[in-house]
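The next block is work-v2.cif, given as mmCIF, C-alpha atoms.
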```cif
data_entry
#
loop_
_atom_site.group_PDB
_atom_site.id
_atom_site.type_symbol
_atom_site.label_atom_id
_atom_site.label_comp_id
_atom_site.auth_asym_id
_atom_site.auth_seq_id
_atom_site.Cartn_x
_atom_site.Cartn_y
_atom_site.Cartn_z
ATOM 1 C CA ARG A 1 11.523 -33.104 -31.838
ATOM 2 C CA ASN A 2 13.312 -29.893 -32.789
ATOM 3 C CA GLY A 3 16.372 -29.730 -30.544
ATOM 4 C CA GLU A 4 17.053 -26.079 -31.366
ATOM 5 C CA ILE A 5 13.570 -25.045 -30.294
ATOM 6 C CA ARG A 6 13.769 -27.142 -27.111
ATOM 7 C CA THR A 7 17.054 -25.475 -26.187
ATOM 8 C CA GLY A 8 15.625 -22.027 -26.868
ATOM 9 C CA LEU A 9 12.525 -22.826 -24.814
ATOM 10 C CA ARG A 10 14.634 -24.022 -21.885
ATOM 11 C CA ASN A 11 16.764 -20.866 -21.973
ATOM 12 C CA THR A 12 13.675 -18.675 -22.241
ATOM 13 C CA LEU A 13 11.968 -20.351 -19.293
ATOM 14 C CA ILE A 14 15.108 -20.011 -17.154
ATOM 15 C CA VAL A 15 15.307 -16.303 -17.918
ATOM 16 C CA ALA A 16 11.550 -15.664 -17.684
ATOM 17 C CA VAL A 17 11.081 -17.426 -14.347
ATOM 18 C CA GLY A 18 14.228 -15.894 -12.840
ATOM 19 C CA ALA A 19 13.401 -12.402 -14.078
ATOM 20 C CA THR A 20 9.816 -12.738 -12.840
ATOM 21 C CA VAL A 21 10.899 -13.674 -9.316
ATOM 22 C CA LEU A 22 13.577 -10.975 -9.069
ATOM 23 C CA ALA A 23 11.492 -8.266 -10.725
ATOM 24 C CA THR A 24 8.465 -9.032 -8.536
ATOM 25 C CA VAL A 25 10.425 -8.851 -5.277
ATOM 26 C CA LEU A 26 12.499 -5.801 -6.208
ATOM 27 C CA GLY A 27 9.615 -4.038 -7.973
ATOM 28 C CA THR A 28 7.324 -4.477 -4.966
ATOM 29 C CA LEU A 29 9.913 -3.076 -2.568
ATOM 30 C CA LEU A 30 10.646 -0.232 -4.973
ATOM 31 C CA ALA A 31 6.943 0.599 -5.297
ATOM 32 C CA VAL A 32 6.572 0.817 -1.517
ATOM 33 C CA GLY A 33 9.709 2.964 -1.233
ATOM 34 C CA ILE A 34 8.613 5.347 -3.983
ATOM 35 C CA GLN A 35 5.055 5.693 -2.719
ATOM 36 C CA ARG A 36 5.971 6.259 0.914
ATOM 37 C CA TYR A 37 9.427 7.759 1.058
ATOM 38 C CA VAL A 38 10.319 9.326 -2.317
ATOM 39 C CA ARG A 39 8.183 12.299 -3.259
ATOM 40 C CA ARG A 40 10.315 13.910 -5.964
ATOM 41 C CA PRO A 41 8.774 13.356 -9.430
ATOM 42 C CA LEU A 42 12.190 13.276 -11.102
ATOM 43 C CA VAL A 43 13.418 10.447 -8.890
ATOM 44 C CA GLN A 44 10.193 8.530 -9.450
ATOM 45 C CA ALA A 45 10.548 8.965 -13.208
ATOM 46 C CA VAL A 46 14.083 7.545 -13.141
ATOM 47 C CA PHE A 47 12.911 4.340 -11.479
ATOM 48 C CA VAL A 48 10.225 3.667 -14.113
ATOM 49 C CA ALA A 49 12.324 4.858 -17.074
ATOM 50 C CA PRO A 50 13.061 1.307 -18.366
ATOM 51 C CA ALA A 51 9.338 0.882 -19.029
ATOM 52 C CA VAL A 52 9.124 3.925 -21.315
ATOM 53 C CA LEU A 53 12.520 3.868 -22.993
ATOM 54 C CA PRO A 54 12.652 2.263 -26.457
ATOM 55 C CA ASP A 55 13.870 -1.323 -26.172
ATOM 56 C CA VAL A 56 16.810 -0.711 -28.497
ATOM 57 C CA VAL A 57 18.025 2.234 -26.409
ATOM 58 C CA LEU A 58 17.863 0.205 -23.211
ATOM 59 C CA ALA A 59 19.520 -2.772 -24.913
ATOM 60 C CA VAL A 60 22.439 -0.735 -26.289
ATOM 61 C CA GLY A 61 22.915 0.949 -22.916
ATOM 62 C CA LEU A 62 23.026 -2.372 -21.092
ATOM 63 C CA LEU A 63 25.382 -3.845 -23.676
ATOM 64 C CA SER A 64 27.717 -0.873 -23.186
ATOM 65 C CA LEU A 65 27.597 -1.420 -19.417
ATOM 66 C CA TYR A 66 28.416 -5.122 -19.689
ATOM 67 C CA THR A 67 31.273 -4.324 -22.068
ATOM 68 C CA LEU A 68 32.591 -1.662 -19.711
ATOM 69 C CA ILE A 69 32.710 -4.031 -16.747
ATOM 70 C CA SER A 70 33.972 -6.926 -18.944
ATOM 71 C CA MET A 71 30.983 -9.140 -18.159
ATOM 72 C CA THR A 72 30.614 -12.207 -20.361
ATOM 73 C CA LEU A 73 27.386 -12.201 -22.328
ATOM 74 C CA GLY A 74 25.037 -15.122 -21.730
ATOM 75 C CA LEU A 75 21.874 -16.075 -19.892
ATOM 76 C CA GLN A 76 23.079 -14.204 -16.808
ATOM 77 C CA THR A 77 23.231 -10.897 -18.659
ATOM 78 C CA VAL A 78 19.836 -11.517 -20.275
ATOM 79 C CA LEU A 79 18.416 -12.334 -16.839
ATOM 80 C CA LEU A 80 19.746 -9.099 -15.352
ATOM 81 C CA SER A 81 18.512 -7.092 -18.330
ATOM 82 C CA HIS A 82 15.033 -8.576 -18.244
ATOM 83 C CA THR A 83 14.856 -8.077 -14.477
ATOM 84 C CA LEU A 84 15.598 -4.371 -14.891
ATOM 85 C CA PHE A 85 13.105 -4.090 -17.731
ATOM 86 C CA CYS A 86 10.288 -5.973 -15.981
ATOM 87 C CA MET A 87 10.908 -4.382 -12.589
ATOM 88 C CA ALA A 88 9.650 -1.027 -13.882
ATOM 89 C CA PHE A 89 6.312 -2.590 -14.868
ATOM 90 C CA VAL A 90 5.943 -4.378 -11.528
ATOM 91 C CA THR A 91 6.685 -1.110 -9.753
ATOM 92 C CA ALA A 92 3.987 0.708 -11.716
ATOM 93 C CA VAL A 93 1.353 -1.996 -11.123
ATOM 94 C CA VAL A 94 2.072 -2.453 -7.402
ATOM 95 C CA ARG A 95 2.310 1.283 -6.836
ATOM 96 C CA THR A 96 -1.135 1.755 -8.365
ATOM 97 C CA ARG A 97 -2.463 -0.957 -6.065
ATOM 98 C CA LEU A 98 -0.717 0.599 -3.057
ATOM 99 C CA GLN A 99 -2.544 3.874 -3.608
ATOM 100 C CA HIS A 100 -5.801 2.072 -2.738
ATOM 101 C CA VAL A 101 -4.455 0.582 0.508
ATOM 102 C CA ASP A 102 -5.459 2.475 3.661
ATOM 103 C CA PRO A 103 -2.232 3.322 5.572
ATOM 104 C CA SER A 104 -4.184 3.586 8.821
ATOM 105 C CA LEU A 105 -4.524 -0.217 8.866
ATOM 106 C CA GLU A 106 -0.770 -0.634 9.172
ATOM 107 C CA GLU A 107 -0.651 2.122 11.790
ATOM 108 C CA ALA A 108 -3.316 0.301 13.776
ATOM 109 C CA ALA A 109 -1.264 -2.899 13.667
ATOM 110 C CA ARG A 110 1.756 -1.039 15.032
ATOM 111 C CA ASP A 111 -0.370 0.544 17.755
ATOM 112 C CA LEU A 112 -1.431 -2.952 18.779
ATOM 113 C CA GLY A 113 2.212 -3.938 19.308
ATOM 114 C CA ASP A 114 3.336 -5.242 15.935
ATOM 115 C CA THR A 115 6.701 -4.260 14.448
ATOM 116 C CA ASN A 116 7.100 -2.237 11.252
ATOM 117 C CA VAL A 117 8.125 -5.342 9.308
ATOM 118 C CA GLY A 118 5.389 -7.434 10.894
ATOM 119 C CA ALA A 119 2.714 -4.851 10.096
ATOM 120 C CA PHE A 120 3.868 -4.702 6.502
ATOM 121 C CA VAL A 121 3.921 -8.494 6.096
ATOM 122 C CA ARG A 122 0.620 -9.180 7.867
ATOM 123 C CA VAL A 123 -1.431 -6.162 6.771
ATOM 124 C CA THR A 124 -0.045 -4.351 3.721
ATOM 125 C CA LEU A 125 1.418 -7.277 1.787
ATOM 126 C CA PRO A 126 -1.850 -9.286 1.633
ATOM 127 C CA SER A 127 -3.634 -6.154 0.388
ATOM 128 C CA LEU A 128 -1.008 -5.762 -2.329
ATOM 129 C CA MET A 129 -1.167 -9.399 -3.410
ATOM 130 C CA PRO A 130 -3.515 -8.904 -6.407
ATOM 131 C CA GLY A 131 -1.171 -6.233 -7.770
ATOM 132 C CA ILE A 132 1.916 -8.321 -7.039
ATOM 133 C CA VAL A 133 0.519 -11.375 -8.843
ATOM 134 C CA ALA A 134 -0.607 -9.194 -11.748
ATOM 135 C CA GLY A 135 2.876 -7.675 -11.968
ATOM 136 C CA ALA A 136 4.449 -11.133 -11.884
ATOM 137 C CA LEU A 137 2.231 -12.374 -14.728
ATOM 138 C CA LEU A 138 3.022 -9.272 -16.739
ATOM 139 C CA SER A 139 6.750 -9.734 -16.103
ATOM 140 C CA PHE A 140 6.662 -13.352 -17.219
ATOM 141 C CA THR A 141 4.840 -12.404 -20.409
ATOM 142 C CA LEU A 142 7.221 -9.552 -21.218
ATOM 143 C CA SER A 143 10.305 -11.687 -20.617
ATOM 144 C CA LEU A 144 8.886 -14.643 -22.550
ATOM 145 C CA ASP A 145 8.284 -12.575 -25.685
ATOM 146 C CA GLU A 146 11.155 -10.083 -25.434
ATOM 147 C CA PHE A 147 13.575 -10.174 -28.375
ATOM 148 C CA VAL A 148 15.459 -6.877 -28.766
ATOM 149 C CA ILE A 149 17.106 -6.771 -25.333
ATOM 150 C CA ALA A 150 17.986 -10.476 -25.510
ATOM 151 C CA PHE A 151 19.428 -10.012 -29.005
ATOM 152 C CA PHE A 152 21.855 -7.339 -27.795
ATOM 153 C CA THR A 153 22.754 -8.752 -24.373
ATOM 154 C CA ASN A 154 22.911 -12.499 -25.047
ATOM 155 C CA GLY A 155 25.856 -14.619 -26.078
ATOM 156 C CA PRO A 156 26.011 -16.754 -29.235
ATOM 157 C CA THR A 157 25.654 -20.108 -27.469
ATOM 158 C CA THR A 158 22.520 -19.481 -25.363
ATOM 159 C CA PRO A 159 19.755 -18.277 -27.711
ATOM 160 C CA THR A 160 16.320 -17.627 -26.263
ATOM 161 C CA LEU A 161 13.167 -18.839 -27.988
ATOM 162 C CA PRO A 162 12.408 -15.491 -29.715
ATOM 163 C CA GLN A 163 15.969 -15.504 -31.075
ATOM 164 C CA VAL A 164 15.495 -19.059 -32.376
ATOM 165 C CA ILE A 165 12.247 -18.038 -34.056
ATOM 166 C CA TYR A 166 13.922 -15.017 -35.627
ATOM 167 C CA SER A 167 16.811 -17.082 -36.973
ATOM 168 C CA ASN A 168 14.384 -19.587 -38.532
ATOM 169 C CA VAL A 169 12.031 -16.977 -39.988
ATOM 170 C CA ARG A 170 14.850 -15.426 -42.008
ATOM 171 C CA PHE A 171 14.955 -18.570 -44.159
ATOM 172 C CA GLY A 172 11.209 -18.990 -44.512
ATOM 173 C CA VAL A 173 8.317 -19.598 -42.158
ATOM 174 C CA LYS A 174 7.818 -23.299 -41.444
ATOM 175 C CA PRO A 175 4.661 -24.894 -39.976
ATOM 176 C CA ASP A 176 6.364 -25.616 -36.635
ATOM 177 C CA ILE A 177 7.303 -21.922 -36.294
ATOM 178 C CA ASN A 178 3.707 -20.926 -37.053
ATOM 179 C CA ALA A 179 2.457 -23.313 -34.373
ATOM 180 C CA LEU A 180 5.041 -22.092 -31.880
ATOM 181 C CA ALA A 181 4.187 -18.429 -32.522
ATOM 182 C CA THR A 182 0.491 -19.233 -32.015
ATOM 183 C CA LEU A 183 1.213 -20.886 -28.670
ATOM 184 C CA LEU A 184 3.309 -17.938 -27.508
ATOM 185 C CA LEU A 185 0.558 -15.525 -28.513
ATOM 186 C CA LEU A 186 -2.012 -17.599 -26.633
ATOM 187 C CA ILE A 187 0.128 -17.760 -23.472
ATOM 188 C CA SER A 188 0.783 -14.018 -23.581
ATOM 189 C CA THR A 189 -2.897 -13.196 -24.081
ATOM 190 C CA VAL A 190 -4.009 -15.407 -21.193
ATOM 191 C CA ALA A 191 -1.357 -13.942 -18.870
ATOM 192 C CA VAL A 192 -2.223 -10.336 -19.701
ATOM 193 C CA LEU A 193 -5.970 -10.935 -19.320
ATOM 194 C CA SER A 194 -5.344 -12.685 -15.995
ATOM 195 C CA ALA A 195 -3.268 -9.740 -14.778
ATOM 196 C CA GLN A 196 -6.028 -7.292 -15.704
ATOM 197 C CA ARG A 197 -8.661 -9.447 -14.005
ATOM 198 C CA LEU A 198 -6.619 -9.657 -10.793
ATOM 199 C CA THR A 199 -6.207 -5.882 -10.761
ATOM 200 C CA ARG A 200 -9.956 -5.356 -11.167
ATOM 201 C CA ILE A 201 -10.746 -7.902 -8.450
ATOM 202 C CA GLY A 202 -8.447 -6.030 -6.072
ATOM 203 C CA GLU A 203 -10.101 -2.711 -6.879
ATOM 204 C CA ARG A 204 -13.585 -4.177 -6.324
ATOM 205 C CA GLY A 205 -12.414 -5.588 -2.985
ATOM 206 C CA ASP A 206 -11.242 -2.146 -1.901
ATOM 207 C CA ARG A 207 -14.599 -0.572 -2.773
ATOM 208 C CA ALA A 208 -16.416 -3.337 -0.916
#
```
Let's see the structure in the file written out as structure tokens.
Amino acid sequence: RNGEIRTGLRNTLIVAVGATVLATVLGTLLAVGIQRYVRRPLVQAVFVAPAVLPDVVLAVGLLSLYTLISMTLGLQTVLLSHTLFCMAFVTAVVRTRLQHVDPSLEEAARDLGDTNVGAFVRVTLPSLMPGIVAGALLSFTLSLDEFVIAFFTNGPTTPTLPQVIYSNVRFGVKPDINALATLLLLISTVAVLSAQRLTRIGERGDRA
């Protein structure tokens, strides 16, 4: 019955789902490109830098960029920011999975008459699926709980759920905030454990 919390939840789900989809697609493509075509360690480090940079540094940098290009702050800027942030994690997870995929299988598909795209979609992509799903779950969890980047890159009229919680906590912790924080913690824990389980299942499948 708390309208402020419902609004924050809606905004958070919009950002989390959008960032998960974009980060999963772009992160998967980036992982394949890095693993197969980019061999310079410096270039590889640049692509995964958002995962290791402090959140406040990344947030201030993105805010400066949006200000420079005169982009209005709102859910769209939070979505772009979370996509960049989560994409680095998807890239790392999928790239680790890709290292266990035998490239000769894709070569065999091409030798049998398949195209490069067809061989990737029919052979490599299914092998990467456990890593892709794990990266997507991790992205959703990170975006759902992320506060610092949203605080710097969001507008005043579209608060996300972590921002709503923060604004309420400043005036005292109420029972509904305690319950909400517990639910968020439970969702995050389940998603992270599911991502780890999927990664292990994929590794056991490779050994089998």
Ground truth for the PyMOL selection byres ((chain A and resi 148-161) around 6), written as a ChimeraX atom specification:
/A:8-9,11-12,59,63,73-74,78,147,162-164
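With all atoms listed in the file as the atoms that count, the minimum distance from His100 (chain A) to the choices A:Thr115, A:Asn2, A:Thr124, A:Thr77 is reached by A:Thr124.
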Reference answer for the PyMOL selection byres ((chain A and resi 86) around 9), as number ranges by chain:
A: 19-20, 23-24, 27, 50-51, 81-85, 87-91, 135-136, 138-140, 142-143
If you keep C-alpha atoms, can you produce a file of those selected residues as a PDB file, keeping the file's coordinate frame?
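Writing done, so here's part-v8.pdb:
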```pdb
ATOM      1  CA  ALA A  19      13.401 -12.402 -14.078  1.00  0.00           C
ATOM      2  CA  THR A  20       9.816 -12.738 -12.840  1.00  0.00           C
ATOM      3  CA  ALA A  23      11.492  -8.266 -10.725  1.00  0.00           C
ATOM      4  CA  THR A  24       8.465  -9.032  -8.536  1.00  0.00           C
ATOM      5  CA  GLY A  27       9.615  -4.038  -7.973  1.00  0.00           C
ATOM      6  CA  PRO A  50      13.061   1.307 -18.366  1.00  0.00           C
ATOM      7  CA  ALA A  51       9.338   0.882 -19.029  1.00  0.00           C
ATOM      8  CA  SER A  81      18.512  -7.092 -18.330  1.00  0.00           C
ATOM      9  CA  HIS A  82      15.033  -8.576 -18.244  1.00  0.00           C
ATOM     10  CA  THR A  83      14.856  -8.077 -14.477  1.00  0.00           C
ATOM     11  CA  LEU A  84      15.598  -4.371 -14.891  1.00  0.00           C
ATOM     12  CA  PHE A  85      13.105  -4.090 -17.731  1.00  0.00           C
ATOM     13  CA  MET A  87      10.908  -4.382 -12.589  1.00  0.00           C
ATOM     14  CA  ALA A  88       9.650  -1.027 -13.882  1.00  0.00           C
ATOM     15  CA  PHE A  89       6.312  -2.590 -14.868  1.00  0.00           C
ATOM     16  CA  VAL A  90       5.943  -4.378 -11.528  1.00  0.00           C
ATOM     17  CA  THR A  91       6.685  -1.110  -9.753  1.00  0.00           C
ATOM     18  CA  GLY A 135       2.876  -7.675 -11.968  1.00  0.00           C
ATOM     19  CA  ALA A 136       4.449 -11.133 -11.884  1.00  0.00           C
ATOM     20  CA  LEU A 138       3.022  -9.272 -16.739  1.00  0.00           C
ATOM     21  CA  SER A 139       6.750  -9.734 -16.103  1.00  0.00           C
ATOM     22  CA  PHE A 140       6.662 -13.352 -17.219  1.00  0.00           C
ATOM     23  CA  LEU A 142       7.221  -9.552 -21.218  1.00  0.00           C
ATOM     24  CA  SER A 143      10.305 -11.687 -20.617  1.00  0.00           C
TER      25      SER A 143
END
```
Separating CA of Val93 (chain A) from CA of Val21 (chain A), to the nearest tenth of an Å, is a gap of 15.2 Å
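Evaluated against the shown file, the PyMOL selection byres ((chain A and resi 95) around 8) gives A:Thr28, A:Ala31, A:Val32, A:Gln35, A:Thr91, A:Ala92, A:Val93, A:Val94, A:Thr96, A:Arg97, A:Leu98, A:Gln99.
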Measure the distance from CA of Ser188 (chain A) to CA of Leu137 (chain A) in Å and round it to one decimal.
9.1 Å
One decimal, Å: what's the distance from CA of Ser167 (chain A) over to CA of Val15 (chain A), could you say?
19.1 Å
6 Å per side around region 167-186 of chain A: axis-aligned box centre and edge lengths, as JSON:
```
{"center_x": 7.4, "center_y": -20.5, "center_z": -35.6, "size_x": 30.8, "size_y": 22.2, "size_z": 29.9}
```
